>>> print(open('data39.cif').read())   # mmCIF, C-alpha atoms; chains and numbers go by the auth columns
data_input
loop_
_atom_site.group_PDB
_atom_site.id
_atom_site.type_symbol
_atom_site.label_atom_id
_atom_site.label_comp_id
_atom_site.label_asym_id
_atom_site.label_seq_id
_atom_site.Cartn_x
_atom_site.Cartn_y
_atom_site.Cartn_z
_atom_site.B_iso_or_equiv
_atom_site.auth_seq_id
_atom_site.auth_asym_id
ATOM 1 C CA MET A 1 126.913 -149.305 37.467 0.00 976 A
ATOM 2 C CA GLU A 2 127.921 -149.905 33.853 0.00 977 A
ATOM 3 C CA ARG A 3 128.322 -153.537 32.865 0.00 978 A
ATOM 4 C CA VAL A 4 131.618 -154.524 31.262 0.00 979 A
ATOM 5 C CA ILE A 5 131.451 -157.778 29.314 0.00 980 A
ATOM 6 C CA LEU A 6 134.140 -159.440 27.204 0.00 981 A
ATOM 7 C CA HIS A 7 133.524 -162.126 24.626 0.00 982 A
ATOM 8 C CA CYS A 8 136.626 -164.124 23.681 0.00 983 A
ATOM 9 C CA ASP A 9 136.598 -166.181 20.493 0.00 984 A
ATOM 10 C CA ALA A 10 139.583 -168.378 19.634 0.00 985 A
ATOM 11 C CA ASN A 11 140.466 -167.855 15.975 0.00 986 A
ATOM 12 C CA ALA A 12 140.167 -171.001 13.818 0.00 987 A
ATOM 13 C CA PHE A 13 140.445 -172.914 17.082 0.00 988 A
ATOM 14 C CA TYR A 14 140.762 -176.535 15.951 0.00 989 A
ATOM 15 C CA ALA A 15 143.122 -175.713 13.082 0.00 990 A
ATOM 16 C CA SER A 16 145.206 -173.358 15.233 0.00 991 A
ATOM 17 C CA VAL A 17 145.719 -176.052 17.875 0.00 992 A
ATOM 18 C CA GLU A 18 146.616 -178.668 15.247 0.00 993 A
ATOM 19 C CA CYS A 19 149.223 -176.383 13.704 0.00 994 A
ATOM 20 C CA LEU A 20 151.038 -176.055 17.040 0.00 995 A
ATOM 21 C CA TYR A 21 152.239 -179.651 17.021 0.00 996 A
ATOM 22 C CA THR A 22 153.311 -180.333 13.452 0.00 997 A
ATOM 23 C CA SER A 23 155.285 -178.837 10.598 0.00 998 A
ATOM 24 C CA ILE A 24 152.098 -177.891 8.730 0.00 999 A
ATOM 25 C CA ARG A 25 151.649 -174.460 10.279 0.00 1000 A
ATOM 26 C CA HIS A 26 152.897 -172.707 7.128 0.00 1001 A
ATOM 27 C CA SER A 27 150.596 -174.726 4.860 0.00 1002 A
ATOM 28 C CA PRO A 28 146.870 -174.464 4.126 0.00 1003 A
ATOM 29 C CA VAL A 29 145.227 -176.680 6.757 0.00 1004 A
ATOM 30 C CA ALA A 30 141.647 -177.755 7.411 0.00 1005 A
ATOM 31 C CA VAL A 31 140.252 -179.898 10.183 0.00 1006 A
ATOM 32 C CA CYS A 32 137.694 -182.121 8.502 0.00 1007 A
ATOM 33 C CA GLY A 33 135.100 -184.743 9.336 0.00 1008 A
ATOM 34 C CA SER A 34 135.435 -188.320 8.200 0.00 1009 A
ATOM 35 C CA VAL A 35 134.755 -189.065 4.539 0.00 1010 A
ATOM 36 C CA GLU A 36 134.180 -192.726 5.417 0.00 1011 A
ATOM 37 C CA GLU A 37 131.468 -191.796 7.929 0.00 1012 A
ATOM 38 C CA ARG A 38 129.864 -189.383 5.425 0.00 1013 A
ATOM 39 C CA HIS A 39 130.920 -186.318 7.385 0.00 1014 A
ATOM 40 C CA GLY A 40 133.507 -185.139 4.876 0.00 1015 A
ATOM 41 C CA ILE A 41 133.170 -181.423 5.429 0.00 1016 A
ATOM 42 C CA VAL A 42 135.491 -178.663 6.572 0.00 1017 A
ATOM 43 C CA LEU A 43 135.004 -178.026 10.295 0.00 1018 A
ATOM 44 C CA THR A 44 137.506 -175.180 10.449 0.00 1019 A
ATOM 45 C CA LYS A 45 140.486 -173.922 8.477 0.00 1020 A
ATOM 46 C CA ASN A 46 143.582 -171.840 9.137 0.00 1021 A
ATOM 47 C CA GLN A 47 144.156 -168.365 7.737 0.00 1022 A
ATOM 48 C CA ILE A 48 146.255 -169.659 4.831 0.00 1023 A
ATOM 49 C CA ALA A 49 143.440 -171.938 3.667 0.00 1024 A
ATOM 50 C CA LYS A 50 140.983 -169.099 4.123 0.00 1025 A
ATOM 51 C CA GLN A 51 143.013 -167.002 1.671 0.00 1026 A
ATOM 52 C CA PHE A 52 142.313 -169.671 -0.969 0.00 1027 A
ATOM 53 C CA GLY A 53 138.582 -169.295 -0.349 0.00 1028 A
ATOM 54 C CA VAL A 54 138.145 -172.483 1.694 0.00 1029 A
ATOM 55 C CA GLN A 55 134.961 -172.184 3.742 0.00 1030 A
ATOM 56 C CA THR A 56 133.738 -173.865 6.898 0.00 1031 A
ATOM 57 C CA GLY A 57 130.918 -176.292 6.134 0.00 1032 A
ATOM 58 C CA GLU A 58 131.814 -177.067 2.533 0.00 1033 A
ATOM 59 C CA ALA A 59 132.692 -180.546 1.268 0.00 1034 A
ATOM 60 C CA ILE A 60 136.334 -181.548 1.257 0.00 1035 A
ATOM 61 C CA TRP A 61 136.289 -182.086 -2.514 0.00 1036 A
ATOM 62 C CA GLN A 62 135.026 -178.523 -2.981 0.00 1037 A
ATOM 63 C CA ALA A 63 137.751 -177.162 -0.716 0.00 1038 A
ATOM 64 C CA ARG A 64 140.420 -179.067 -2.652 0.00 1039 A
ATOM 65 C CA GLN A 65 139.172 -177.637 -5.916 0.00 1040 A
ATOM 66 C CA LYS A 66 140.003 -174.211 -4.546 0.00 1041 A
ATOM 67 C CA CYS A 67 143.194 -175.316 -2.795 0.00 1042 A
ATOM 68 C CA PRO A 68 144.777 -178.492 -4.258 0.00 1043 A
ATOM 69 C CA ASP A 69 147.530 -178.486 -1.616 0.00 1044 A
ATOM 70 C CA LEU A 70 145.072 -178.366 1.282 0.00 1045 A
ATOM 71 C CA ILE A 71 146.148 -180.565 4.199 0.00 1046 A
ATOM 72 C CA CYS A 72 143.152 -182.212 5.878 0.00 1047 A
ATOM 73 C CA VAL A 73 143.485 -183.559 9.404 0.00 1048 A
ATOM 74 C CA PRO A 74 140.883 -185.347 11.542 0.00 1049 A
ATOM 75 C CA PRO A 75 139.577 -183.618 14.667 0.00 1050 A
ATOM 76 C CA ASP A 76 141.198 -184.404 18.018 0.00 1051 A
ATOM 77 C CA TYR A 77 138.495 -183.345 20.459 0.00 1052 A
ATOM 78 C CA ALA A 78 140.381 -184.470 23.550 0.00 1053 A
ATOM 79 C CA LEU A 79 143.182 -182.087 22.617 0.00 1054 A
ATOM 80 C CA TYR A 80 140.772 -179.226 21.950 0.00 1055 A
ATOM 81 C CA ILE A 81 139.060 -179.782 25.305 0.00 1056 A
ATOM 82 C CA ARG A 82 142.416 -179.517 27.078 0.00 1057 A
ATOM 83 C CA PHE A 83 143.124 -176.200 25.374 0.00 1058 A
ATOM 84 C CA SER A 84 139.611 -174.966 26.093 0.00 1059 A
ATOM 85 C CA ARG A 85 140.103 -175.676 29.780 0.00 1060 A
ATOM 86 C CA ARG A 86 143.439 -173.864 29.770 0.00 1061 A
ATOM 87 C CA MET A 87 141.807 -170.813 28.225 0.00 1062 A
ATOM 88 C CA ARG A 88 139.022 -170.877 30.779 0.00 1063 A
ATOM 89 C CA ARG A 89 141.497 -171.055 33.671 0.00 1064 A
ATOM 90 C CA LEU A 90 143.259 -168.016 32.230 0.00 1065 A
ATOM 91 C CA TYR A 91 139.952 -166.135 31.926 0.00 1066 A
ATOM 92 C CA GLU A 92 139.060 -167.024 35.504 0.00 1067 A
ATOM 93 C CA GLU A 93 142.101 -165.087 36.696 0.00 1068 A
ATOM 94 C CA TYR A 94 140.162 -161.962 35.707 0.00 1069 A
ATOM 95 C CA SER A 95 136.663 -162.878 36.910 0.00 1070 A
ATOM 96 C CA ASP A 96 134.747 -165.684 38.572 0.00 1071 A
ATOM 97 C CA ARG A 97 131.891 -164.963 36.142 0.00 1072 A
ATOM 98 C CA VAL A 98 133.006 -166.859 33.043 0.00 1073 A
ATOM 99 C CA GLU A 99 130.410 -168.442 30.768 0.00 1074 A
ATOM 100 C CA SER A 100 131.620 -170.854 28.097 0.00 1075 A
ATOM 101 C CA PHE A 101 129.917 -170.941 24.706 0.00 1076 A
ATOM 102 C CA GLY A 102 131.265 -174.057 23.046 0.00 1077 A
ATOM 103 C CA LEU A 103 134.931 -175.009 23.317 0.00 1078 A
ATOM 104 C CA ASP A 104 136.330 -171.889 21.675 0.00 1079 A
ATOM 105 C CA GLU A 105 134.193 -169.021 23.001 0.00 1080 A
ATOM 106 C CA ALA A 106 133.477 -167.530 26.412 0.00 1081 A
ATOM 107 C CA TRP A 107 131.969 -164.458 28.004 0.00 1082 A
ATOM 108 C CA ILE A 108 133.811 -162.809 30.888 0.00 1083 A
ATOM 109 C CA ASP A 109 131.778 -160.486 33.106 0.00 1084 A
ATOM 110 C CA LEU A 110 134.208 -157.929 34.523 0.00 1085 A
ATOM 111 C CA THR A 111 131.520 -155.688 36.007 0.00 1086 A
ATOM 112 C CA ASN A 112 132.680 -154.041 39.246 0.00 1087 A
ATOM 113 C CA PRO A 113 132.223 -150.607 40.803 0.00 1088 A
ATOM 114 C CA GLY A 114 134.554 -148.111 39.144 0.00 1089 A
ATOM 115 C CA LEU A 115 135.554 -150.402 36.267 0.00 1090 A
ATOM 116 C CA THR A 116 134.899 -148.801 32.865 0.00 1091 A
ATOM 117 C CA ILE A 117 134.593 -150.000 29.289 0.00 1092 A
ATOM 118 C CA ARG A 118 138.091 -148.617 28.674 0.00 1093 A
ATOM 119 C CA ASP A 119 139.382 -150.761 31.530 0.00 1094 A
ATOM 120 C CA GLY A 120 137.687 -153.667 29.792 0.00 1095 A
ATOM 121 C CA GLU A 121 139.503 -152.805 26.571 0.00 1096 A
ATOM 122 C CA ARG A 122 142.833 -152.798 28.398 0.00 1097 A
ATOM 123 C CA ILE A 123 142.091 -156.184 29.967 0.00 1098 A
ATOM 124 C CA ALA A 124 141.023 -157.544 26.569 0.00 1099 A
ATOM 125 C CA HIS A 125 144.402 -156.577 25.093 0.00 1100 A
ATOM 126 C CA GLU A 126 146.147 -158.231 28.035 0.00 1101 A
ATOM 127 C CA ILE A 127 144.152 -161.449 27.611 0.00 1102 A
ATOM 128 C CA ARG A 128 144.924 -161.590 23.880 0.00 1103 A
ATOM 129 C CA LEU A 129 148.643 -161.220 24.558 0.00 1104 A
ATOM 130 C CA ARG A 130 148.604 -163.854 27.300 0.00 1105 A
ATOM 131 C CA VAL A 131 146.687 -166.405 25.233 0.00 1106 A
ATOM 132 C CA LYS A 132 149.141 -165.931 22.381 0.00 1107 A
ATOM 133 C CA ARG A 133 152.166 -166.186 24.661 0.00 1108 A
ATOM 134 C CA GLU A 134 150.978 -168.988 26.955 0.00 1109 A
ATOM 135 C CA LEU A 135 148.899 -171.140 24.598 0.00 1110 A
ATOM 136 C CA GLY A 136 150.333 -170.270 21.195 0.00 1111 A
ATOM 137 C CA ILE A 137 146.974 -169.449 19.594 0.00 1112 A
ATOM 138 C CA THR A 138 145.053 -166.211 19.121 0.00 1113 A
ATOM 139 C CA VAL A 139 141.689 -164.885 20.261 0.00 1114 A
ATOM 140 C CA SER A 140 139.545 -162.003 19.119 0.00 1115 A
ATOM 141 C CA VAL A 141 137.767 -160.124 21.904 0.00 1116 A
ATOM 142 C CA GLY A 142 134.634 -158.017 21.899 0.00 1117 A
ATOM 143 C CA VAL A 143 134.140 -155.510 24.713 0.00 1118 A
ATOM 144 C CA SER A 144 130.693 -154.091 25.411 0.00 1119 A
ATOM 145 C CA PHE A 145 127.988 -153.333 27.935 0.00 1120 A
ATOM 146 C CA ASN A 146 126.036 -156.526 27.197 0.00 1121 A
ATOM 147 C CA LYS A 147 126.702 -160.089 26.075 0.00 1122 A
ATOM 148 C CA ILE A 148 125.078 -159.736 22.651 0.00 1123 A
ATOM 149 C CA PHE A 149 127.190 -156.791 21.513 0.00 1124 A
ATOM 150 C CA ALA A 150 130.334 -158.271 23.079 0.00 1125 A
ATOM 151 C CA LYS A 151 129.884 -161.359 20.906 0.00 1126 A
ATOM 152 C CA LEU A 152 129.220 -159.218 17.840 0.00 1127 A
ATOM 153 C CA GLY A 153 132.411 -157.321 18.611 0.00 1128 A
ATOM 154 C CA SER A 154 134.527 -160.468 18.689 0.00 1129 A
ATOM 155 C CA ASP A 155 133.233 -161.322 15.200 0.00 1130 A
ATOM 156 C CA LEU A 156 133.890 -157.909 13.647 0.00 1131 A
ATOM 157 C CA LYS A 157 137.693 -158.070 13.529 0.00 1132 A
ATOM 158 C CA LYS A 158 139.616 -161.303 13.076 0.00 1133 A
ATOM 159 C CA PRO A 159 142.121 -162.651 13.776 0.00 1134 A
ATOM 160 C CA ASP A 160 143.713 -161.442 17.015 0.00 1135 A
ATOM 161 C CA ALA A 161 141.834 -158.164 17.511 0.00 1136 A
ATOM 162 C CA THR A 162 139.887 -156.213 20.102 0.00 1137 A
ATOM 163 C CA THR A 163 136.646 -154.404 19.201 0.00 1138 A
ATOM 164 C CA VAL A 164 134.848 -152.070 21.597 0.00 1139 A
ATOM 165 C CA ILE A 165 131.106 -151.414 21.235 0.00 1140 A
ATOM 166 C CA THR A 166 129.778 -148.724 23.569 0.00 1141 A
ATOM 167 C CA ARG A 167 126.423 -147.105 24.222 0.00 1142 A
ATOM 168 C CA GLU A 168 127.703 -144.158 22.190 0.00 1143 A
ATOM 169 C CA ASN A 169 128.837 -146.053 19.074 0.00 1144 A
ATOM 170 C CA PHE A 170 126.650 -149.183 18.829 0.00 1145 A
ATOM 171 C CA ARG A 171 124.224 -147.607 16.359 0.00 1146 A
ATOM 172 C CA ASP A 172 127.079 -146.893 13.972 0.00 1147 A
ATOM 173 C CA LYS A 173 128.837 -150.233 14.453 0.00 1148 A
ATOM 174 C CA VAL A 174 125.970 -152.672 14.998 0.00 1149 A
ATOM 175 C CA TRP A 175 122.900 -151.412 13.176 0.00 1150 A
ATOM 176 C CA PRO A 176 124.354 -151.631 9.621 0.00 1151 A
ATOM 177 C CA LEU A 177 125.197 -155.332 10.120 0.00 1152 A
ATOM 178 C CA PRO A 178 123.039 -158.086 8.578 0.00 1153 A
ATOM 179 C CA VAL A 179 120.273 -159.211 10.908 0.00 1154 A
ATOM 180 C CA THR A 180 121.707 -162.751 10.714 0.00 1155 A
ATOM 181 C CA ASP A 181 124.766 -161.522 12.654 0.00 1156 A
ATOM 182 C CA LEU A 182 122.582 -161.129 15.744 0.00 1157 A
ATOM 183 C CA LEU A 183 122.712 -164.022 18.185 0.00 1158 A
ATOM 184 C CA PHE A 184 119.744 -166.415 17.830 0.00 1159 A
ATOM 185 C CA VAL A 185 118.556 -165.078 14.468 0.00 1160 A
ATOM 186 C CA GLY A 186 118.455 -168.303 12.476 0.00 1161 A
ATOM 187 C CA ARG A 187 117.625 -169.028 8.875 0.00 1162 A
ATOM 188 C CA ALA A 188 113.870 -169.386 9.461 0.00 1163 A
ATOM 189 C CA SER A 189 113.623 -166.143 11.455 0.00 1164 A
ATOM 190 C CA SER A 190 115.691 -164.212 8.924 0.00 1165 A
ATOM 191 C CA GLN A 191 113.463 -165.425 6.081 0.00 1166 A
ATOM 192 C CA VAL A 192 110.339 -164.238 7.901 0.00 1167 A
ATOM 193 C CA LEU A 193 111.958 -160.910 8.764 0.00 1168 A
ATOM 194 C CA GLY A 194 113.137 -160.471 5.186 0.00 1169 A
ATOM 195 C CA GLN A 195 109.556 -160.650 3.966 0.00 1170 A
ATOM 196 C CA TYR A 196 108.935 -157.487 5.997 0.00 1171 A
ATOM 197 C CA GLY A 197 112.045 -155.686 4.791 0.00 1172 A
ATOM 198 C CA VAL A 198 114.092 -156.380 7.917 0.00 1173 A
ATOM 199 C CA ARG A 199 117.568 -157.068 6.609 0.00 1174 A
ATOM 200 C CA THR A 200 119.856 -155.266 9.055 0.00 1175 A
ATOM 201 C CA ILE A 201 120.002 -155.075 12.833 0.00 1176 A
ATOM 202 C CA GLY A 202 118.997 -151.419 12.503 0.00 1177 A
ATOM 203 C CA ASP A 203 115.900 -152.488 10.571 0.00 1178 A
ATOM 204 C CA LEU A 204 115.068 -154.843 13.430 0.00 1179 A
ATOM 205 C CA ALA A 205 115.408 -152.070 16.009 0.00 1180 A
ATOM 206 C CA ALA A 206 113.206 -149.763 13.915 0.00 1181 A
ATOM 207 C CA PHE A 207 110.527 -152.416 13.444 0.00 1182 A
ATOM 208 C CA GLY A 208 109.432 -152.129 17.077 0.00 1183 A
ATOM 209 C CA ARG A 209 108.909 -154.510 19.963 0.00 1184 A
ATOM 210 C CA GLU A 210 105.153 -155.087 19.593 0.00 1185 A
ATOM 211 C CA PRO A 211 105.193 -155.849 15.842 0.00 1186 A
ATOM 212 C CA LEU A 212 108.136 -158.202 16.328 0.00 1187 A
ATOM 213 C CA THR A 213 106.369 -159.978 19.183 0.00 1188 A
ATOM 214 C CA GLU A 214 103.284 -160.415 17.015 0.00 1189 A
ATOM 215 C CA LEU A 215 105.451 -161.750 14.196 0.00 1190 A
ATOM 216 C CA LEU A 216 107.809 -164.068 16.089 0.00 1191 A
ATOM 217 C CA GLY A 217 106.240 -164.474 19.511 0.00 1192 A
ATOM 218 C CA LYS A 218 108.305 -164.097 22.664 0.00 1193 A
ATOM 219 C CA MET A 219 111.525 -164.442 20.656 0.00 1194 A
ATOM 220 C CA GLY A 220 110.578 -161.350 18.647 0.00 1195 A
ATOM 221 C CA GLY A 221 110.540 -159.189 21.766 0.00 1196 A
ATOM 222 C CA GLN A 222 113.837 -160.689 22.865 0.00 1197 A
ATOM 223 C CA LEU A 223 115.453 -159.930 19.507 0.00 1198 A
ATOM 224 C CA TYR A 224 114.207 -156.345 19.716 0.00 1199 A
ATOM 225 C CA ASP A 225 115.878 -155.994 23.126 0.00 1200 A
ATOM 226 C CA TYR A 226 119.112 -157.366 21.661 0.00 1201 A
ATOM 227 C CA ALA A 227 119.070 -154.908 18.744 0.00 1202 A
ATOM 228 C CA ALA A 228 117.847 -151.753 20.460 0.00 1203 A
#
>>> encode(input="data39.cif", output="structure tokens")
Amino acid sequence: MERVILHCDANAFYASVECLYTSIRHSPVAVCGSVEERHGIVLTKNQIAKQFGVQTGEAIWQARQKCPDLICVPPDYALYIRFSRRMRRLYEEYSDRVESFGLDEAWIDLTNPGLTIRDGERIAHEIRLRVKRELGITVSVGVSFNKIFAKLGSDLKKPDATTVITRENFRDKVWPLPVTDLLFVGRASSQVLGQYGVRTIGDLAAFGREPLTELLGKMGGQLYDYAA
């Protein structure tokens, strides 16, 4: 039985929720940490701010150099948690196998006898439309036969898109991507892999399970399974 997994990722989640309640939705907006508490960085930004080159993780002063009219708002985690719970309840209408990954992401395991990847794509479109209509924000959804590729799919097209990665097309869609796009490949691992010429996910798959295990231990074998 083929597994059918969705990964839903709310686009610019904090900023999208903030823009629902104020008149700033047509302005460049960033949700930022506190300057006074030395956390003055951009946590997330809306699409308008992104067009000015504002990046998540940069200092507020750097963001304002790029976008002088940037509106910075403090995070309201209680509000985001309420929206996260509403999204999860919506997802649970489609499956009782929902796994949250932070406040803004979740996997939905749709696997059932007779249900195909194309059925998963149809359900992904339906979920996107419902989230937009019922919550006022957008999600991007990856559809695949495992959790790793489903998450990659949700990252490939943003905002408000569905990407399908199948057993037939994953080599074309996934292998050319940077190895850092693969879940659990951090900075340290990517630096080690880079010393051996492993720069894409395809390079990782070609490197082989045993050499990767020797290089990175148990995690190396796990990363090979993710890539191949």
>>> atom_distance(input="data39.cif", atom1="atom CA of Leu1168 of chain A", atom2="atom CA of Thr1138 of chain A")
27.6 Å
>>> residues_near_point(input="data39.cif", point="(137.0, -183.5, 6.3)", cutoff="7 Å", atoms="only C-alpha atoms", output="ChimeraX atom specification")
/A:1006-1010,1014-1017,1035,1047,1049
>>> atom_distance(input="data39.cif", atom1="atom CA of Trp1150 of chain A", atom2="atom CA of Ala1202 of chain A")
7.6 Å
>>> atom_distance(input="data39.cif", atom1="atom CA of Ala1005 of chain A", atom2="atom CA of Tyr989 of chain A")
8.7 Å
>>> residues_around(input="data39.cif", residues="Phe988 of chain A", least_positions_apart="6", cutoff="9 Å", atoms="only C-alpha atoms", output="PDB file with C-alpha atoms, in the coordinates of the input")
ATOM      1  CA  THR A1019     137.506-175.180  10.449  1.00  0.00           C
ATOM      2  CA  LYS A1020     140.486-173.922   8.477  1.00  0.00           C
ATOM      3  CA  ASN A1021     143.582-171.840   9.137  1.00  0.00           C
ATOM      4  CA  TYR A1055     140.772-179.226  21.950  1.00  0.00           C
ATOM      5  CA  LEU A1078     134.931-175.009  23.317  1.00  0.00           C
ATOM      6  CA  ASP A1079     136.330-171.889  21.675  1.00  0.00           C
ATOM      7  CA  ILE A1112     146.974-169.449  19.594  1.00  0.00           C
ATOM      8  CA  THR A1113     145.053-166.211  19.121  1.00  0.00           C
ATOM      9  CA  VAL A1114     141.689-164.885  20.261  1.00  0.00           C
TER      10      VAL A1114
END
>>> closest_residue(input="data39.cif", among="A:Asn1121, A:Thr1188, A:Gln1030, A:Gln1040", to="Tyr1201 of chain A", atoms="all atoms listed in the file")
A:Asn1121
>>> residues_around(input="data39.cif", residues="Arg1000 of chain A", least_positions_apart="3", cutoff="12 Å", atoms="all atoms listed in the file", output="ChimeraX atom specification")
/A:990-997,1003-1005,1020-1024,1045-1046,1111-1112
>>> closest_residue(input="data39.cif", among="A:Ala1099, A:Leu1187, A:Leu1157, A:Leu1131", to="Asp1084 of chain A", atoms="all atoms listed in the file")
A:Ala1099
>>> closest_residue(input="data39.cif", among="A:Pro1151, A:Pro1134, A:Gly1095, A:Pro1050", to="Ser1119 of chain A", atoms="all atoms listed in the file")
A:Gly1095
>>> closest_residue(input="data39.cif", among="A:Val1167, A:Ile1092, A:Ile1098, A:Ile1140", to="Gly1117 of chain A", atoms="only C-alpha atoms")
A:Ile1140
>>> closest_residue(input="data39.cif", among="A:Thr1031, A:Ser1059, A:Ser1129, A:Thr1137", to="Ser1075 of chain A", atoms="all atoms listed in the file")
A:Ser1059
>>> residues_near_point(input="data39.cif", point="(113.5, -155.0, 16.8)", cutoff="8 Å", atoms="all atoms listed in the file", output="PyMOL selection string")
chain A and resi 1176-1184+1187+1195-1196+1198-1203
>>> write_last_selection(input="data39.cif", atoms="C-alpha atoms", output="mmCIF file, in the coordinates of the input")
data_model
loop_
_atom_site.group_PDB
_atom_site.id
_atom_site.type_symbol
_atom_site.label_atom_id
_atom_site.label_comp_id
_atom_site.auth_asym_id
_atom_site.auth_seq_id
_atom_site.Cartn_x
_atom_site.Cartn_y
_atom_site.Cartn_z
ATOM 1 C CA ILE A 1176 120.002 -155.075 12.833
ATOM 2 C CA GLY A 1177 118.997 -151.419 12.503
ATOM 3 C CA ASP A 1178 115.900 -152.488 10.571
ATOM 4 C CA LEU A 1179 115.068 -154.843 13.430
ATOM 5 C CA ALA A 1180 115.408 -152.070 16.009
ATOM 6 C CA ALA A 1181 113.206 -149.763 13.915
ATOM 7 C CA PHE A 1182 110.527 -152.416 13.444
ATOM 8 C CA GLY A 1183 109.432 -152.129 17.077
ATOM 9 C CA ARG A 1184 108.909 -154.510 19.963
ATOM 10 C CA LEU A 1187 108.136 -158.202 16.328
ATOM 11 C CA GLY A 1195 110.578 -161.350 18.647
ATOM 12 C CA GLY A 1196 110.540 -159.189 21.766
ATOM 13 C CA LEU A 1198 115.453 -159.930 19.507
ATOM 14 C CA TYR A 1199 114.207 -156.345 19.716
ATOM 15 C CA ASP A 1200 115.878 -155.994 23.126
ATOM 16 C CA TYR A 1201 119.112 -157.366 21.661
ATOM 17 C CA ALA A 1202 119.070 -154.908 18.744
ATOM 18 C CA ALA A 1203 117.847 -151.753 20.460
#
>>> build_atoms(input="data39.cif", residues="segment 1027-1032 of chain A", atoms="all heavy atoms", output="compact mmCIF listing (two decimals), in the coordinates of the input")
# COMPACT_ATOMS: atom_id res chain seq x y z
N PHE A 1027 142.64 -168.97 0.28
CA PHE A 1027 142.31 -169.67 -0.97
C PHE A 1027 140.80 -169.76 -1.18
O PHE A 1027 140.35 -170.29 -2.19
CB PHE A 1027 142.90 -171.09 -0.96
CG PHE A 1027 144.38 -171.15 -1.22
CD1 PHE A 1027 145.29 -171.06 -0.18
CD2 PHE A 1027 144.87 -171.29 -2.51
CE1 PHE A 1027 146.66 -171.12 -0.41
CE2 PHE A 1027 146.23 -171.35 -2.77
CZ PHE A 1027 147.13 -171.26 -1.71
N GLY A 1028 140.03 -169.25 -0.22
CA GLY A 1028 138.58 -169.30 -0.35
C GLY A 1028 137.94 -170.51 0.28
O GLY A 1028 136.72 -170.73 0.12
N VAL A 1029 138.71 -171.32 1.01
CA VAL A 1029 138.15 -172.48 1.69
C VAL A 1029 137.18 -172.01 2.77
O VAL A 1029 137.49 -171.09 3.55
CB VAL A 1029 139.26 -173.35 2.32
CG1 VAL A 1029 138.67 -174.50 3.13
CG2 VAL A 1029 140.18 -173.89 1.22
N GLN A 1030 136.00 -172.63 2.83
CA GLN A 1030 134.96 -172.18 3.74
C GLN A 1030 134.55 -173.31 4.69
O GLN A 1030 134.49 -174.48 4.30
CB GLN A 1030 133.73 -171.72 2.97
CG GLN A 1030 133.99 -170.51 2.08
CD GLN A 1030 132.74 -170.06 1.34
OE1 GLN A 1030 131.65 -170.55 1.61
NE2 GLN A 1030 132.91 -169.13 0.42
N THR A 1031 134.27 -172.92 5.92
CA THR A 1031 133.74 -173.86 6.90
C THR A 1031 132.39 -174.38 6.41
O THR A 1031 131.55 -173.61 5.95
CB THR A 1031 133.57 -173.18 8.27
OG1 THR A 1031 134.85 -172.76 8.72
CG2 THR A 1031 132.97 -174.14 9.28
N GLY A 1032 132.19 -175.70 6.51
CA GLY A 1032 130.92 -176.29 6.13
C GLY A 1032 130.86 -176.85 4.73
O GLY A 1032 129.92 -177.57 4.39
